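Chemist: For reference, this is work_30.cif, and it has mmCIF, C-alpha atoms.
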```cif
data_coords
#
loop_
_atom_site.label_atom_id
_atom_site.label_comp_id
_atom_site.auth_asym_id
_atom_site.auth_seq_id
_atom_site.Cartn_x
_atom_site.Cartn_y
_atom_site.Cartn_z
CA MET Q 1483 0.59 -31.80 -5.57
CA ARG Q 1484 1.05 -28.64 -7.61
CA VAL Q 1485 1.99 -25.21 -6.25
CA VAL Q 1486 1.37 -22.09 -8.35
CA LEU Q 1487 3.79 -19.25 -7.63
CA ARG Q 1488 3.54 -15.68 -8.91
CA ASN Q 1489 5.83 -12.84 -9.99
CA PRO Q 1490 6.87 -14.49 -12.22
CA ARG Q 1491 4.10 -17.04 -12.58
CA ARG Q 1492 5.41 -20.60 -12.41
CA GLU Q 1493 4.38 -24.00 -11.11
CA VAL Q 1494 6.28 -26.55 -9.04
CA ASP Q 1495 5.34 -30.05 -7.97
CA VAL Q 1496 5.95 -31.03 -4.34
CA ALA Q 1497 4.92 -33.91 -2.10
CA GLY Q 1498 1.37 -33.73 -0.72
CA ASN Q 1499 -0.39 -35.31 2.26
CA ARG Q 1500 1.09 -32.86 4.74
CA ARG Q 1501 0.29 -29.49 6.20
CA VAL Q 1502 0.57 -26.21 4.29
CA LYS Q 1503 3.19 -25.00 6.77
CA ASP Q 1504 5.43 -27.94 5.75
CA VAL Q 1505 5.10 -27.03 2.07
CA LEU Q 1506 5.96 -23.40 2.86
CA ARG Q 1507 8.96 -24.50 4.88
CA GLU Q 1508 10.24 -26.65 1.99
CA LEU Q 1509 9.85 -23.71 -0.40
CA GLN Q 1510 11.45 -21.36 2.17
CA ILE Q 1511 8.45 -19.02 2.16
CA ILE Q 1512 7.48 -17.05 5.28
CA PRO Q 1513 3.75 -17.69 5.93
CA GLU Q 1514 2.93 -14.00 6.41
CA THR Q 1515 4.24 -13.10 2.95
CA VAL Q 1516 1.65 -15.05 0.95
CA LEU Q 1517 -2.01 -15.90 0.68
CA VAL Q 1518 -2.56 -19.64 0.45
CA ILE Q 1519 -5.40 -20.20 -2.02
CA ARG Q 1520 -7.11 -23.52 -2.76
CA GLY Q 1521 -9.95 -23.21 -5.25
CA ASP Q 1522 -12.01 -20.20 -4.23
CA ASP Q 1523 -10.88 -20.22 -0.60
CA LEU Q 1524 -8.03 -19.09 1.58
CA ILE Q 1525 -6.66 -21.80 3.84
CA THR Q 1526 -4.57 -21.63 6.99
CA THR Q 1527 -1.15 -23.17 7.34
CA ASP Q 1528 -2.36 -26.01 9.58
CA GLN Q 1529 -4.61 -27.34 6.78
CA MET Q 1530 -3.68 -30.64 5.10
CA VAL Q 1531 -3.01 -30.63 1.37
CA ARG Q 1532 -3.40 -33.81 -0.65
CA ASP Q 1533 -1.39 -35.19 -3.55
CA GLY Q 1534 -3.94 -34.10 -6.16
CA ASP Q 1535 -4.40 -30.59 -4.77
CA VAL Q 1536 -3.43 -27.38 -6.51
CA ILE Q 1537 -2.66 -24.41 -4.28
CA GLU Q 1538 -1.62 -20.89 -5.24
CA LEU Q 1539 0.86 -19.03 -3.08
CA ARG Q 1540 0.07 -15.43 -3.93
CA PRO Q 1541 2.65 -12.91 -2.69
CA VAL Q 1542 1.27 -9.99 -0.70
CA MET Q 1543 4.25 -7.64 -0.91
CA SER Q 1544 3.84 -4.47 -2.90
CA GLY Q 1545 5.31 -1.05 -3.30
CA GLY Q 1546 8.65 0.33 -4.28
CA THR Q 1547 10.67 3.25 -2.99
CA ARG Q 1548 14.35 3.84 -3.45
CA MET T 466 -7.81 -23.89 13.10
CA LYS T 467 -11.06 -22.29 14.29
CA CYS T 468 -12.40 -18.77 13.99
CA ARG T 469 -11.94 -17.04 17.32
CA LYS T 470 -15.37 -15.42 17.13
CA CYS T 471 -17.73 -18.05 15.71
CA GLY T 472 -15.81 -21.33 15.91
CA ASP T 473 -16.19 -22.11 12.20
CA ALA T 474 -13.15 -23.06 10.12
CA ALA T 475 -10.69 -20.18 9.98
CA MET T 476 -9.38 -18.90 6.66
CA ILE T 477 -6.64 -16.67 8.02
CA GLU T 478 -4.39 -16.80 11.05
CA LEU T 479 -3.13 -13.52 12.50
CA ARG T 480 -0.15 -14.59 14.56
CA ARG T 481 0.63 -11.06 15.76
CA HIS T 482 -2.85 -10.95 17.32
CA ASN T 483 -2.66 -14.61 18.36
CA THR T 484 -5.97 -15.21 16.63
CA ALA T 485 -7.70 -16.58 13.54
CA PHE T 486 -10.89 -15.67 11.69
CA CYS T 487 -13.40 -17.04 9.19
CA ALA T 488 -14.09 -14.91 6.11
CA ALA T 489 -17.08 -13.06 7.58
CA ASP T 490 -15.48 -12.27 10.94
CA PHE T 491 -12.20 -11.31 9.30
CA GLN T 492 -14.00 -8.70 7.20
CA GLU T 493 -15.53 -7.23 10.34
CA PHE T 494 -12.12 -7.22 12.06
CA PHE T 495 -10.63 -5.47 9.01
CA ARG T 496 -13.33 -2.81 8.85
CA ASN T 497 -13.05 -2.17 12.58
CA GLN T 498 -9.32 -1.57 12.24
CA VAL T 499 -9.98 1.01 9.51
CA ARG T 500 -12.70 2.66 11.62
CA GLU T 501 -10.36 2.82 14.60
CA ALA T 502 -7.64 4.46 12.49
CA ILE T 503 -10.08 7.08 11.17
CA ARG T 504 -11.46 7.74 14.66
CA LYS T 505 -8.16 7.86 16.52
CA HIS T 506 -6.47 10.25 14.11
CA ARG T 507 -9.61 12.20 13.15
CA MET T 508 -8.75 11.50 9.53
CA PHE T 509 -12.02 12.79 8.08
CA THR T 510 -15.69 13.19 8.87
CA ARG T 511 -18.78 11.97 7.08
CA HIS T 512 -19.34 15.52 5.84
CA GLU T 513 -16.03 15.64 3.98
CA ARG T 514 -15.41 14.31 0.48
CA VAL T 515 -12.43 11.96 0.44
CA LEU T 516 -10.11 11.52 -2.54
CA VAL T 517 -8.88 7.92 -2.50
CA ALA T 518 -5.63 7.44 -4.42
CA VAL T 519 -5.94 4.09 -6.19
CA SER T 520 -3.26 2.14 -8.01
CA GLY T 521 -5.21 -0.97 -8.97
CA GLY T 522 -3.41 -2.90 -6.23
CA LYS T 523 -4.93 -4.69 -3.27
CA ASP T 524 -4.36 -1.98 -0.66
CA SER T 525 -5.93 1.04 -2.29
CA LEU T 526 -8.90 -0.88 -3.71
CA ALA T 527 -9.50 -2.57 -0.33
CA LEU T 528 -9.45 0.85 1.32
CA TRP T 529 -11.87 2.32 -1.21
CA ASP T 530 -14.15 -0.71 -0.74
CA VAL T 531 -14.32 -0.21 3.03
CA LEU T 532 -14.94 3.54 2.77
CA ILE T 533 -17.73 3.06 0.22
CA ASP T 534 -19.42 0.42 2.37
CA ASP T 535 -19.14 2.64 5.44
CA GLY T 536 -20.99 5.39 3.61
CA TYR T 537 -18.21 7.90 3.02
CA ASP T 538 -18.44 10.30 0.09
CA THR T 539 -15.44 9.30 -2.01
CA ALA T 540 -13.90 9.74 -5.43
CA GLY T 541 -10.98 7.69 -6.70
CA LEU T 542 -7.86 9.13 -8.28
CA TYR T 543 -5.83 6.97 -10.63
CA LEU T 544 -2.49 8.39 -11.70
CA ASP T 545 -1.42 6.88 -15.00
CA LEU T 546 2.34 6.51 -14.65
CA GLY T 547 2.80 5.23 -18.21
CA ILE T 548 4.70 2.14 -17.07
CA PHE T 549 4.05 -0.13 -20.04
CA ASP T 550 1.51 -2.99 -19.65
CA TYR T 551 1.55 -2.58 -15.87
CA SER T 552 -0.14 0.81 -16.10
CA VAL T 553 -2.59 -0.36 -18.77
CA GLU T 554 -3.71 -3.27 -16.59
CA SER T 555 -3.79 -1.37 -13.29
CA LYS T 556 -5.86 1.42 -14.84
CA ALA T 557 -8.34 -1.15 -16.19
CA LYS T 558 -8.65 -2.67 -12.68
CA CYS T 559 -9.47 0.75 -11.19
CA GLU T 560 -11.98 1.59 -13.91
CA ALA T 561 -13.70 -1.79 -13.51
CA PHE T 562 -13.87 -1.38 -9.71
CA ALA T 563 -15.29 2.15 -9.98
CA ALA T 564 -17.89 1.02 -12.52
CA ARG T 565 -18.91 -1.99 -10.42
CA ARG T 566 -19.31 0.11 -7.28
CA GLY T 567 -20.85 3.09 -9.08
CA VAL T 568 -18.32 5.60 -7.79
CA PRO T 569 -16.45 8.36 -9.66
CA LEU T 570 -12.85 7.84 -10.79
CA ILE T 571 -10.60 10.72 -11.79
CA VAL T 572 -7.73 9.78 -14.11
CA SER T 573 -4.65 11.94 -14.47
CA ALA T 574 -1.67 11.01 -16.65
CA VAL T 575 1.84 11.81 -15.47
CA ALA T 576 2.90 12.13 -19.13
CA ASP T 577 0.41 14.98 -19.61
CA GLU T 578 1.42 16.76 -16.43
CA VAL T 579 5.20 16.31 -16.40
CA GLY T 580 5.77 15.97 -20.14
CA ALA T 581 6.81 12.31 -20.13
CA PRO T 582 5.85 8.99 -18.49
CA VAL T 583 7.81 7.51 -15.57
CA PRO T 584 10.17 5.35 -17.71
CA VAL T 585 11.30 8.47 -19.63
CA ILE T 586 11.57 10.52 -16.42
CA LYS T 587 13.87 7.78 -15.11
CA GLN T 588 16.15 8.13 -18.16
CA VAL T 589 16.16 11.93 -18.11
CA THR T 590 16.86 12.33 -14.40
CA ARG T 591 19.20 9.30 -14.21
CA ARG T 592 17.70 8.67 -10.81
CA PRO T 593 15.79 5.62 -9.55
CA PRO T 594 12.31 5.50 -11.11
CA CYS T 595 10.59 5.53 -7.70
CA SER T 596 12.06 9.00 -7.11
CA GLY T 597 10.32 10.89 -9.93
CA CYS T 598 7.27 8.65 -9.55
CA GLY T 599 6.82 9.42 -5.84
CA LEU T 600 7.38 13.14 -6.36
CA SER T 601 4.81 13.25 -9.18
CA LYS T 602 2.27 11.25 -7.18
CA ARG T 603 2.48 13.49 -4.09
CA TYR T 604 2.22 16.65 -6.17
CA LEU T 605 -0.66 15.49 -8.37
CA MET T 606 -2.67 13.95 -5.52
CA ASN T 607 -2.59 17.26 -3.68
CA ARG T 608 -3.37 19.36 -6.74
CA VAL T 609 -6.25 17.17 -7.93
CA ALA T 610 -7.77 17.23 -4.43
CA LEU T 611 -7.51 21.04 -4.34
CA ASP T 612 -8.94 21.40 -7.84
CA HIS T 613 -11.96 19.26 -6.88
CA GLY T 614 -12.51 20.91 -3.51
CA MET T 615 -11.65 17.80 -1.50
CA PRO T 616 -9.92 18.46 1.82
CA VAL T 617 -8.26 15.07 2.26
CA VAL T 618 -6.39 12.41 0.29
CA ALA T 619 -6.46 8.82 1.58
CA THR T 620 -3.78 6.39 0.44
CA GLY T 621 -3.55 2.62 0.85
CA HIS T 622 -0.30 2.53 2.83
CA ASN T 623 -0.42 -0.45 5.19
CA LEU T 624 1.47 -1.48 8.31
CA ASP T 625 4.25 -3.12 6.30
CA ASP T 626 4.69 -0.03 4.10
CA GLU T 627 4.88 2.23 7.13
CA ALA T 628 7.24 -0.04 9.07
CA ALA T 629 9.54 -0.31 6.03
CA THR T 630 9.56 3.47 5.56
CA LEU T 631 10.35 3.99 9.23
CA PHE T 632 13.09 1.36 9.04
CA GLY T 633 14.66 3.16 6.08
CA SER T 634 14.41 6.56 7.77
CA VAL T 635 16.03 5.25 10.95
CA MET T 636 18.74 3.38 9.06
CA HIS T 637 19.80 6.66 7.45
CA TRP T 638 18.65 8.93 10.29
CA ARG T 639 16.55 11.05 7.98
CA MET T 640 15.63 13.59 10.60
CA GLU T 641 13.34 15.49 8.23
CA ALA T 642 11.38 12.33 7.36
CA LEU T 643 10.69 11.08 10.89
CA PRO T 644 8.19 13.76 11.98
CA ARG T 645 6.33 13.33 8.68
CA GLN T 646 5.87 9.62 9.33
CA SER T 647 2.32 9.65 10.58
CA PRO T 648 -1.02 8.00 9.76
CA ALA T 649 -2.46 11.50 9.37
CA LEU T 650 -0.64 14.61 8.22
CA PRO T 651 -2.60 17.81 8.76
CA ALA T 652 -2.82 20.49 6.08
CA ARG T 653 -0.05 22.89 7.06
CA HIS T 654 -0.86 25.38 4.32
CA ALA T 655 -4.00 26.61 2.58
CA LYS T 656 -2.86 24.85 -0.59
CA LEU T 657 -2.04 21.55 1.08
CA VAL T 658 -4.73 18.97 1.78
CA ARG T 659 -4.70 16.47 4.65
CA ARG T 660 -2.99 13.16 3.88
CA VAL T 661 -4.22 10.06 5.70
CA LYS T 662 -3.44 6.35 5.74
CA PRO T 663 -6.45 4.47 7.13
CA LEU T 664 -4.83 1.03 6.57
CA TYR T 665 -1.79 1.67 8.75
CA ARG T 666 -3.08 -0.76 11.40
CA LEU T 667 -3.37 -3.63 8.89
CA SER T 668 -0.63 -5.80 7.46
CA GLU T 669 0.00 -6.45 3.80
CA GLN T 670 -1.28 -10.01 4.19
CA GLU T 671 -4.46 -8.71 5.81
CA THR T 672 -5.21 -6.25 3.01
CA ALA T 673 -4.53 -8.98 0.44
CA ALA T 674 -6.83 -11.38 2.30
CA TYR T 675 -9.56 -8.73 2.51
CA ALA T 676 -9.30 -8.02 -1.22
CA PHE T 677 -9.47 -11.76 -1.91
CA VAL T 678 -12.52 -12.53 0.23
CA ARG T 679 -14.29 -9.45 -1.14
CA ARG T 680 -13.53 -10.72 -4.66
CA ILE T 681 -11.85 -7.45 -5.57
CA ASP T 682 -10.08 -7.87 -8.90
CA TYR T 683 -6.69 -6.27 -8.20
CA ILE T 684 -3.37 -6.34 -10.02
CA VAL T 685 -1.20 -9.06 -8.48
CA GLU T 686 1.81 -8.37 -10.69
CA GLU T 687 4.31 -5.99 -9.19
CA CYS T 688 5.43 -2.71 -10.77
CA PRO T 689 8.42 -3.68 -12.98
CA PHE T 690 10.45 -0.89 -11.40
CA ALA T 691 9.86 -2.19 -7.86
CA LEU T 692 12.30 -5.06 -8.45
CA GLY T 693 15.35 -4.32 -6.33
CA ALA T 694 13.73 -1.32 -4.64
CA THR T 695 15.17 -0.46 -1.23
CA SER T 696 11.78 -0.53 0.44
CA ILE T 697 11.26 -4.12 -0.75
CA ALA T 698 14.63 -5.11 0.76
CA HIS T 699 13.61 -3.46 4.03
CA LYS T 700 10.31 -5.33 3.99
CA GLU T 701 12.16 -8.60 3.57
CA VAL T 702 14.36 -7.85 6.58
CA LEU T 703 11.30 -6.98 8.66
CA ASN T 704 9.46 -10.09 7.46
CA ARG T 705 12.29 -12.31 8.72
CA MET T 706 12.09 -10.59 12.10
CA GLU T 707 8.30 -10.96 12.09
CA ALA T 708 8.59 -14.69 11.34
CA ASP T 709 10.69 -15.20 14.46
CA SER T 710 8.77 -12.73 16.59
CA PRO T 711 5.14 -12.12 15.56
CA GLY T 712 4.19 -8.51 16.23
CA ALA T 713 7.71 -7.16 15.64
CA LYS T 714 6.61 -4.82 12.83
CA HIS T 715 3.57 -3.67 14.78
CA ASN T 716 5.68 -2.93 17.86
CA PHE T 717 8.31 -1.11 15.82
CA LEU T 718 5.81 1.20 14.10
CA PHE T 719 3.35 1.72 16.94
CA GLY T 720 6.17 2.20 19.45
CA PHE T 721 7.54 4.98 17.26
CA LEU T 722 4.14 6.61 16.81
CA ASP T 723 3.20 6.39 20.49
CA LYS T 724 6.55 7.08 22.16
CA ALA T 725 9.14 8.59 19.84
CA ARG T 726 7.60 10.61 17.02
CA ALA T 727 6.79 13.66 19.13
CA ALA T 728 10.46 14.13 19.98
CA PHE T 729 11.35 14.43 16.30
CA GLU T 730 8.38 16.66 15.53
CA GLN T 731 9.94 19.47 17.54
CA ALA T 732 12.98 19.36 15.32
CA GLU T 733 11.00 20.24 12.18
CA ASP T 734 10.97 23.93 11.42
CA VAL T 735 10.34 24.42 7.71
CA VAL T 736 8.99 27.60 6.13
CA LEU T 737 6.42 26.86 3.45
CA ALA T 738 5.97 29.11 0.42
CA GLU T 739 4.17 28.96 -2.92
CA CYS T 740 6.02 27.98 -6.09
CA VAL T 741 6.44 31.05 -8.32
CA ARG T 742 5.60 28.90 -11.34
CA CYS T 743 2.63 26.71 -10.43
CA GLY T 744 1.47 28.17 -7.12
CA GLN T 745 1.70 24.84 -5.26
CA VAL T 746 3.44 24.59 -1.91
CA THR T 747 7.21 24.32 -1.71
CA THR T 748 10.05 25.07 0.65
CA GLY T 749 11.97 26.95 -2.07
CA THR T 750 11.18 29.34 -4.91
CA VAL T 751 10.37 26.78 -7.61
CA CYS T 752 8.88 23.45 -6.50
CA ALA T 753 10.50 20.09 -7.20
CA PHE T 754 7.68 19.10 -9.58
CA CYS T 755 8.24 22.15 -11.80
CA LYS T 756 11.99 21.51 -11.77
CA LEU T 757 11.36 17.91 -12.82
CA SER T 758 8.98 19.02 -15.56
CA ASP T 759 11.58 21.54 -16.83
CA GLN T 760 14.24 18.86 -16.89
CA VAL T 761 12.01 16.51 -18.90
CA LYS T 762 11.07 19.25 -21.38
CA ARG T 763 14.71 20.31 -21.84
CA ALA T 764 15.66 16.70 -22.53
CA ALA T 765 12.82 16.34 -25.04
CA ALA T 766 13.86 19.56 -26.80
CA GLY T 767 17.48 18.39 -26.87
CA ALA T 768 16.45 15.06 -28.36
CA GLY T 769 14.44 16.93 -31.00
CA ASP T 770 17.47 18.99 -32.00
CA VAL T 771 19.55 15.92 -32.74
#
```
Here is a file; write its structure as structure tokens.
Modeler:
Amino acid sequence: MRVVLRNPRREVDVAGNRRVKDVLRELQIIPETVLVIRGDDLITTDQMVRDGDVIELRPVMSGGTR
Amino acid sequence: MKCRKCGDAAMIELRRHNTAFCAADFQEFFRNQVREAIRKHRMFTRHERVLVAVSGGKDSLALWDVLIDDGYDTAGLYLDLGIFDYSVESKAKCEAFAARRGVPLIVSAVADEVGAPVPVIKQVTRRPPCSGCGLSKRYLMNRVALDHGMPVVATGHNLDDEAATLFGSVMHWRMEALPRQSPALPARHAKLVRRVKPLYRLSEQETAAYAFVRRIDYIVEECPFALGATSIAHKEVLNRMEADSPGAKHNFLFGFLDKARAAFEQAEDVVLAECVRCGQVTTGTVCAFCKLSDQVKRAAAGAGDV
């Protein structure tokens, strides 16, 4: 399955047929720091993703102060 | 995972609330959190016109969306920071949102007001870009609100923003910053408007999810100057704590607001005056914005001499 990452935009291929939370763990992404988007919908981390799926992991962090 | 309210498939899990919602019930949860913030801190009434500071990002556009739907009289304020393509795109997002919702948008350019855009201010001051940017934003938001007769400015600061700011203030024991850390700052001078943060009860993920399910077209790309910003590093620390202990950020911020902030408030004793140059409020003789503007103009004149 394909995972679309942002900032910068890039794509990685990972194994499917497992839960979103397992994909996030492999990519070392904290669930609360992204939206998980499949098609036009948000999905929760307990959802299964299949080999042919494409999901976007859209970061939610913003702002900058030094 | 099922929606806690209706039992349909959930689209977002909120671990800190130990719950999950479908799209429709999440929107209602989100709006109720904003309503509770406005009510609890008496941020504004339905008879007051609210200036909503919008950046084109998820937070400020989500806030504006909620306020419009709840019937508040609002105008948006977009401050054009002049940060390359980022500003061009974020301005376009704000203009498109305002047009779609049929609400007024005021645009003010930092380059016109200060004499140069944020990237040049960064070079001239030799300070981090967020410094001159934040100063200009606070000044211009207040002045635009005053000029348009609006008593309050609402910003899209969320729970993560506020927790990260508090974390930074505590790490450096910025005693002057702690009493000012509040979801609602009253107008302490005739030339200062109220500043409120109606999203302070909602996390960054929640505002992003709201913007997504409402199909708000916001700028996902981050400000190029935010890379390496201290506040981002603080957010990452807090996110790791949140991952191990859901609710950590909420407890940190709300614990401060409920139990500790009052103790620091007593320590603040600042005399406010009016800047002899522009008439806006300052603690000195000439305000920081005028000093910044002078510095930029001197640099431009010096460059012209060469």
Chemist: Considering only C-alpha atoms, give me a table of residues in chain T that are at most 7 Å from chain Q, with the closest atom pair and distance in Å for each, as a Markdown table.
Modeler:
```
| residue | atom | partner | partner_atom | distance |
| --- | --- | --- | --- | --- |
| T:Met466 | CA | Q:Asp1528 | CA | 6.8 |
| T:Ala475 | CA | Q:Thr1526 | CA | 7.0 |
| T:Met476 | CA | Q:Ile1525 | CA | 4.9 |
| T:Ile477 | CA | Q:Thr1526 | CA | 5.5 |
| T:Glu478 | CA | Q:Thr1526 | CA | 6.3 |
| T:Pro593 | CA | Q:Arg1548 | CA | 6.5 |
| T:Cys595 | CA | Q:Thr1547 | CA | 5.2 |
| T:Ser596 | CA | Q:Arg1548 | CA | 6.7 |
| T:Glu669 | CA | Q:Val1542 | CA | 5.9 |
| T:Gln670 | CA | Q:Val1542 | CA | 5.5 |
| T:Ala673 | CA | Q:Val1542 | CA | 6.0 |
| T:Ala674 | CA | Q:Leu1517 | CA | 6.8 |
| T:Glu686 | CA | Q:Asn1489 | CA | 6.1 |
| T:Glu687 | CA | Q:Ser1544 | CA | 6.5 |
| T:Ala691 | CA | Q:Gly1546 | CA | 4.5 |
| T:Ala694 | CA | Q:Arg1548 | CA | 5.3 |
| T:Thr695 | CA | Q:Arg1548 | CA | 4.9 |
| T:Ser696 | CA | Q:Thr1547 | CA | 5.2 |
| T:Ile697 | CA | Q:Gly1546 | CA | 6.3 |
| T:Ala708 | CA | Q:Ile1512 | CA | 6.6 |
```
Chemist: For the atom pair CA of Asp545 (chain T) and CA of Ala619 (chain T), what is the interatomic distance in Å to one decimal place?
Modeler: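 Going from CA of Asp545 (chain T) over to CA of Ala619 (chain T), I get 17.4 Å.
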Chemist: Considering all atoms listed in the file, can you say which of T:Asn704, T:Lys756, T:Phe721, T:Asp709 comes closest to Gly597 (chain T)?
Modeler: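 Between T:Asn704, T:Lys756, T:Phe721, T:Asp709, the residue approaching Gly597 (chain T) most closely is T:Lys756.
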Chemist: For the provided coordinates, the residues matched by the PyMOL selection byres ((chain T and resi 533) around 12) should be stated as a list in words.
Modeler: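 This file gives the following for the PyMOL selection byres ((chain T and resi 533) around 12): Arg496, Arg511, Arg514, Val515, Leu516, Val517, Leu526, Ala527, Leu528, Trp529, Asp530, Val531, Leu532, Asp534, Asp535, Gly536, Tyr537, Asp538, Thr539, Ala540, Gly541, Phe562, Ala563, Arg565, Arg566, Gly567, Val568 and Pro569 of chain T.
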Chemist: Evaluate the PyMOL selection byres ((chain T and resi 621-628) around 9) against this structure - the residues, as a PyMOL selection string, please.
Modeler: (chain Q and resi 1543-1545) or (chain T and resi 517-520+522-529+619-620+629-633+646-648+661-669+672+696+699-700+703-704+714-715+717-719)
Chemist: Enclose region 1532-1547 of chain Q, meaning all of its atoms listed in the file, in a box aligned along x, y and z, pad it by 4 Å on each side, and list the centre and edge lengths in Å to one decimal, as JSON.
Modeler:
```
{"center_x": 3.1, "center_y": -16.0, "center_z": -3.6, "size_x": 23.1, "size_y": 46.4, "size_z": 13.9}
```
Chemist: Exactly which residues make up the result of the PyMOL selection byres ((chain Q and resi 1501) around 9) on this file, given as a list in words?
Modeler: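 Output from the PyMOL selection byres ((chain Q and resi 1501) around 9), applied to this file: Gly1498, Asn1499, Arg1500, Val1502, Lys1503, Asp1504, Val1505, Leu1506, Thr1527, Asp1528, Gln1529, Met1530, Val1531 and Arg1532 of chain Q.
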Chemist: Next, write the just-selected residues to a file, as a PDB file, in the frame of the given file, keeping C-alpha atoms as the atom set.
Modeler:
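What landed in out-v5.pdb:
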```pdb
ATOM      1  CA  GLY Q1498       1.370 -33.730  -0.720  1.00  0.00           C
ATOM      2  CA  ASN Q1499      -0.390 -35.310   2.260  1.00  0.00           C
ATOM      3  CA  ARG Q1500       1.090 -32.860   4.740  1.00  0.00           C
ATOM      4  CA  VAL Q1502       0.570 -26.210   4.290  1.00  0.00           C
ATOM      5  CA  LYS Q1503       3.190 -25.000   6.770  1.00  0.00           C
ATOM      6  CA  ASP Q1504       5.430 -27.940   5.750  1.00  0.00           C
ATOM      7  CA  VAL Q1505       5.100 -27.030   2.070  1.00  0.00           C
ATOM      8  CA  LEU Q1506       5.960 -23.400   2.860  1.00  0.00           C
ATOM      9  CA  THR Q1527      -1.150 -23.170   7.340  1.00  0.00           C
ATOM     10  CA  ASP Q1528      -2.360 -26.010   9.580  1.00  0.00           C
ATOM     11  CA  GLN Q1529      -4.610 -27.340   6.780  1.00  0.00           C
ATOM     12  CA  MET Q1530      -3.680 -30.640   5.100  1.00  0.00           C
ATOM     13  CA  VAL Q1531      -3.010 -30.630   1.370  1.00  0.00           C
ATOM     14  CA  ARG Q1532      -3.400 -33.810  -0.650  1.00  0.00           C
TER      15      ARG Q1532
END
```
Chemist: Could you check the closest approach to Thr510 (chain T) for each of T:Cys487, T:Ala610, T:Val617, T:Val735 and tell me which residue wins, using all atoms listed in the file?
Modeler: T:Val617
Chemist: Which residue gives the smallest distance to Arg507 (chain T) among T:Met706, T:Leu650, T:Val635, T:Ala765, with all atoms listed in the file counted?
Modeler: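 Ranking T:Met706, T:Leu650, T:Val635, T:Ala765 by distance to Arg507 (chain T), first place goes to T:Leu650.
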Chemist: I'd like the interatomic distance between CA of Tyr604 (chain T) and CA of Ala738 (chain T), to a tenth of an Å.
Modeler: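 So the two atoms, CA of Tyr604 (chain T) and CA of Ala738 (chain T), lie 14.6 Å apart.
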